[in-house]
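In what follows, a single structure is set out as structure tokens and then discussed.
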Amino acid sequence: MIPGGGQPNMQQLLQQAQKMQQELAQAQEELARTEVDGQAGGGLVRATVNGSGELRGLVIDPKAVDPEDTETLADLVVAAVHAANENAQQLQQQKLGPLTQGLGGGMPGLPF
């Protein structure tokens, strides 16, 4: 190191990286515990996913069930799960976005 040359202190950089890693792990744990909903058909089908996008629940109103038209029900389920996953991605952006900006703007495997 050059005295006064502006070289970064490696110990300080390592401590900052470790702190950021701990904050990221904590945020990911919080996401895994947080649930968000999505719905379709005016609420006839509701899907619940955790903040990581894992499907945790599905509620189908009996009014949505028509044995003659299972295709529409399937479409409603897909739409509700898709809406829930979009909400989970927004939650990920809110929780992890500020942390990953310090890592160069993104992390592999995350949608931002």
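Identifiers in the structure tokens: chain A, B, ... in order shown; residue index from 1 per chain; ligand index from 1 in order shown.
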
* Asked: Could you pull the residues within 9 Å of Val78 (chain A), counting only C-alpha atoms, minus those fewer than 5 positions along the same chain, as number ranges by chain?
  -> A: 40, 73, 83

Write out, as an mmCIF file, in the first residue's frame, the residues just selected, with all heavy atoms.
```cif
data_model
loop_
_atom_site.group_PDB
_atom_site.id
_atom_site.type_symbol
_atom_site.label_atom_id
_atom_site.label_comp_id
_atom_site.auth_asym_id
_atom_site.auth_seq_id
_atom_site.Cartn_x
_atom_site.Cartn_y
_atom_site.Cartn_z
ATOM 1 N N ALA A 40 -57.517 -13.661 -9.625
ATOM 2 C CA ALA A 40 -58.032 -13.604 -10.989
ATOM 3 C C ALA A 40 -59.535 -13.830 -10.929
ATOM 4 O O ALA A 40 -60.059 -14.369 -9.944
ATOM 5 C CB ALA A 40 -57.367 -14.663 -11.853
ATOM 6 N N LEU A 73 -61.249 -22.408 -15.730
ATOM 7 C CA LEU A 73 -60.723 -22.520 -14.370
ATOM 8 C C LEU A 73 -59.201 -22.606 -14.388
ATOM 9 O O LEU A 73 -58.522 -21.936 -13.601
ATOM 10 C CB LEU A 73 -61.316 -23.741 -13.659
ATOM 11 C CG LEU A 73 -60.797 -24.011 -12.241
ATOM 12 C CD1 LEU A 73 -61.029 -22.811 -11.339
ATOM 13 C CD2 LEU A 73 -61.455 -25.259 -11.680
ATOM 14 N N ALA A 83 -50.128 -13.419 -11.123
ATOM 15 C CA ALA A 83 -50.280 -12.148 -10.392
ATOM 16 C C ALA A 83 -49.556 -12.199 -9.056
ATOM 17 O O ALA A 83 -48.895 -11.229 -8.648
ATOM 18 C CB ALA A 83 -51.762 -11.835 -10.186
#
```

* If you count only C-alpha atoms, which residues fall within 7 Å of region 25-31 of chain A, apart from same-chain ones fewer than 2 positions away, as a PyMOL selection string? -> chain A and resi 21-23+33-34+50-52+95-96

Could you save those same residues with N, CA and C atoms as an mmCIF file, in the first residue's frame?
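And here is the file that came out, result35.cif:
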```cif
data_model
loop_
_atom_site.group_PDB
_atom_site.id
_atom_site.type_symbol
_atom_site.label_atom_id
_atom_site.label_comp_id
_atom_site.auth_asym_id
_atom_site.auth_seq_id
_atom_site.Cartn_x
_atom_site.Cartn_y
_atom_site.Cartn_z
ATOM 1 N N GLN A 21 -23.325 -9.306 3.079
ATOM 2 C CA GLN A 21 -23.750 -10.695 2.924
ATOM 3 C C GLN A 21 -24.748 -11.071 4.029
ATOM 4 N N GLN A 22 -24.488 -10.637 5.246
ATOM 5 C CA GLN A 22 -25.407 -10.917 6.358
ATOM 6 C C GLN A 22 -26.749 -10.224 6.140
ATOM 7 N N GLU A 23 -26.725 -8.982 5.669
ATOM 8 C CA GLU A 23 -27.962 -8.247 5.414
ATOM 9 C C GLU A 23 -28.768 -8.910 4.302
ATOM 10 N N ARG A 33 -40.422 -15.822 4.511
ATOM 11 C CA ARG A 33 -41.498 -15.841 5.507
ATOM 12 C C ARG A 33 -42.690 -14.973 5.102
ATOM 13 N N THR A 34 -42.479 -14.043 4.197
ATOM 14 C CA THR A 34 -43.523 -13.101 3.806
ATOM 15 C C THR A 34 -44.373 -13.696 2.690
ATOM 16 N N ASN A 50 -44.854 -17.102 -1.358
ATOM 17 C CA ASN A 50 -43.971 -16.386 -0.446
ATOM 18 C C ASN A 50 -43.142 -15.408 -1.265
ATOM 19 N N GLY A 51 -42.374 -14.593 -0.587
ATOM 20 C CA GLY A 51 -41.586 -13.569 -1.256
ATOM 21 C C GLY A 51 -40.546 -14.120 -2.202
ATOM 22 N N SER A 52 -40.265 -15.409 -2.110
ATOM 23 C CA SER A 52 -39.327 -16.063 -3.024
ATOM 24 C C SER A 52 -40.037 -16.630 -4.246
ATOM 25 N N LYS A 95 -37.033 -5.312 -1.166
ATOM 26 C CA LYS A 95 -36.198 -5.809 -0.071
ATOM 27 C C LYS A 95 -34.744 -5.985 -0.473
ATOM 28 N N LEU A 96 -34.508 -6.496 -1.675
ATOM 29 C CA LEU A 96 -33.147 -6.852 -2.061
ATOM 30 C C LEU A 96 -32.492 -5.828 -2.979
#
```

* Got a sec: who's within 12 Å of Pro62 (chain A), counting only C-alpha atoms, leaving out chain neighbours fewer than 2 positions off, as a list in words? ->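 Those residues are Gly43, Leu44, Val45, Val59, Ile60, Ala64, Val65, Asp66, Pro67 and Leu73 of chain A.
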
* **DSSP-assigned strand (DSSP E) among region 24-80 of chain A, expressed as a list in words** =>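 Here are the strand (DSSP E) residues of region 24-80 of chain A: Glu35, Val36, Asp37, Gly38, Gln39, Ala40, Val45, Arg46, Ala47, Thr48, Val49, Asn50, Leu55, Arg56, Gly57, Leu58, Val59 and Ile60 of chain A.
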
May I have the selected residues written with N, CA and C atoms, as a compact mmCIF listing (two decimals), in the first residue's frame?
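And here's part.txt as it stands now:
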```
# COMPACT_ATOMS: atom_id res chain seq x y z
N GLU A 35 -45.68 -13.59 2.83
CA GLU A 35 -46.58 -14.10 1.81
C GLU A 35 -47.30 -12.95 1.12
N VAL A 36 -47.50 -13.10 -0.19
CA VAL A 36 -48.23 -12.13 -0.99
C VAL A 36 -49.28 -12.88 -1.80
N ASP A 37 -50.35 -12.18 -2.15
CA ASP A 37 -51.46 -12.79 -2.88
C ASP A 37 -51.56 -12.25 -4.30
N GLY A 38 -52.22 -13.03 -5.12
CA GLY A 38 -52.61 -12.61 -6.45
C GLY A 38 -53.98 -13.20 -6.70
N GLN A 39 -54.78 -12.56 -7.53
CA GLN A 39 -56.12 -13.07 -7.78
C GLN A 39 -56.49 -12.93 -9.24
N ALA A 40 -57.52 -13.66 -9.62
CA ALA A 40 -58.03 -13.60 -10.99
C ALA A 40 -59.53 -13.83 -10.93
N VAL A 45 -60.43 -16.86 -7.93
CA VAL A 45 -59.25 -17.69 -7.68
C VAL A 45 -58.18 -16.80 -7.06
N ARG A 46 -57.66 -17.24 -5.91
CA ARG A 46 -56.62 -16.50 -5.20
C ARG A 46 -55.43 -17.42 -4.97
N ALA A 47 -54.26 -16.93 -5.31
CA ALA A 47 -53.03 -17.68 -5.08
C ALA A 47 -52.17 -16.92 -4.07
N THR A 48 -51.50 -17.67 -3.21
CA THR A 48 -50.59 -17.08 -2.24
C THR A 48 -49.21 -17.67 -2.49
N VAL A 49 -48.22 -16.78 -2.61
CA VAL A 49 -46.83 -17.20 -2.76
C VAL A 49 -46.01 -16.51 -1.68
N ASN A 50 -44.85 -17.10 -1.36
CA ASN A 50 -43.97 -16.39 -0.45
C ASN A 50 -43.14 -15.41 -1.26
N LEU A 55 -45.22 -21.17 -4.39
CA LEU A 55 -46.66 -21.25 -4.20
C LEU A 55 -46.96 -21.86 -2.84
N ARG A 56 -47.72 -21.14 -2.02
CA ARG A 56 -48.02 -21.58 -0.65
C ARG A 56 -49.49 -21.93 -0.46
N GLY A 57 -50.36 -21.39 -1.31
CA GLY A 57 -51.77 -21.68 -1.15
C GLY A 57 -52.56 -21.28 -2.39
N LEU A 58 -53.71 -21.93 -2.55
CA LEU A 58 -54.58 -21.66 -3.68
C LEU A 58 -56.02 -21.82 -3.19
N VAL A 59 -56.84 -20.79 -3.39
CA VAL A 59 -58.24 -20.83 -2.99
C VAL A 59 -59.09 -20.63 -4.24
N ILE A 60 -60.00 -21.56 -4.46
CA ILE A 60 -60.89 -21.49 -5.62
C ILE A 60 -62.33 -21.42 -5.12
```

* Using only C-alpha atoms, pick whichever of A:Lys63, A:Pro98, A:Gln15, A:Glu54 has the shortest atom-to-atom distance to Ala84 (chain A). =>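 Comparing A:Lys63, A:Pro98, A:Gln15, A:Glu54 against Ala84 (chain A), the winner is A:Glu54.
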
* Quick one: distance from CA of Leu14 (chain A) to CA of Gly97 (chain A) in Å, one decimal? ->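 These atoms are spaced 21.0 Å apart.
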
* Option closest in space to His82 (chain A), from A:Glu68, A:Gln94, A:Gly53, A:Gln12 [counting only C-alpha atoms] ->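 Of A:Glu68, A:Gln94, A:Gly53, A:Gln12, the one nearest His82 (chain A), counting only C-alpha atoms, is A:Gly53.
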
* Backbone DSSP call of alpha helix (DSSP H) for region 9-103 of chain A, listed as a ChimeraX atom specification -> /A:10-33,70-101

* Proximity to Val77 (chain A) - best of A:Gln92, A:Leu24, A:Gly41, A:Leu13, only C-alpha atoms ->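 Looking at the shortest contact to Val77 (chain A), the residue is A:Gly41.
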
* Asked: Quick one, how far is CA of Asn87 (chain A) from CA of Gly42 (chain A)?
  ->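 These atoms are spaced 16.7 Å apart.
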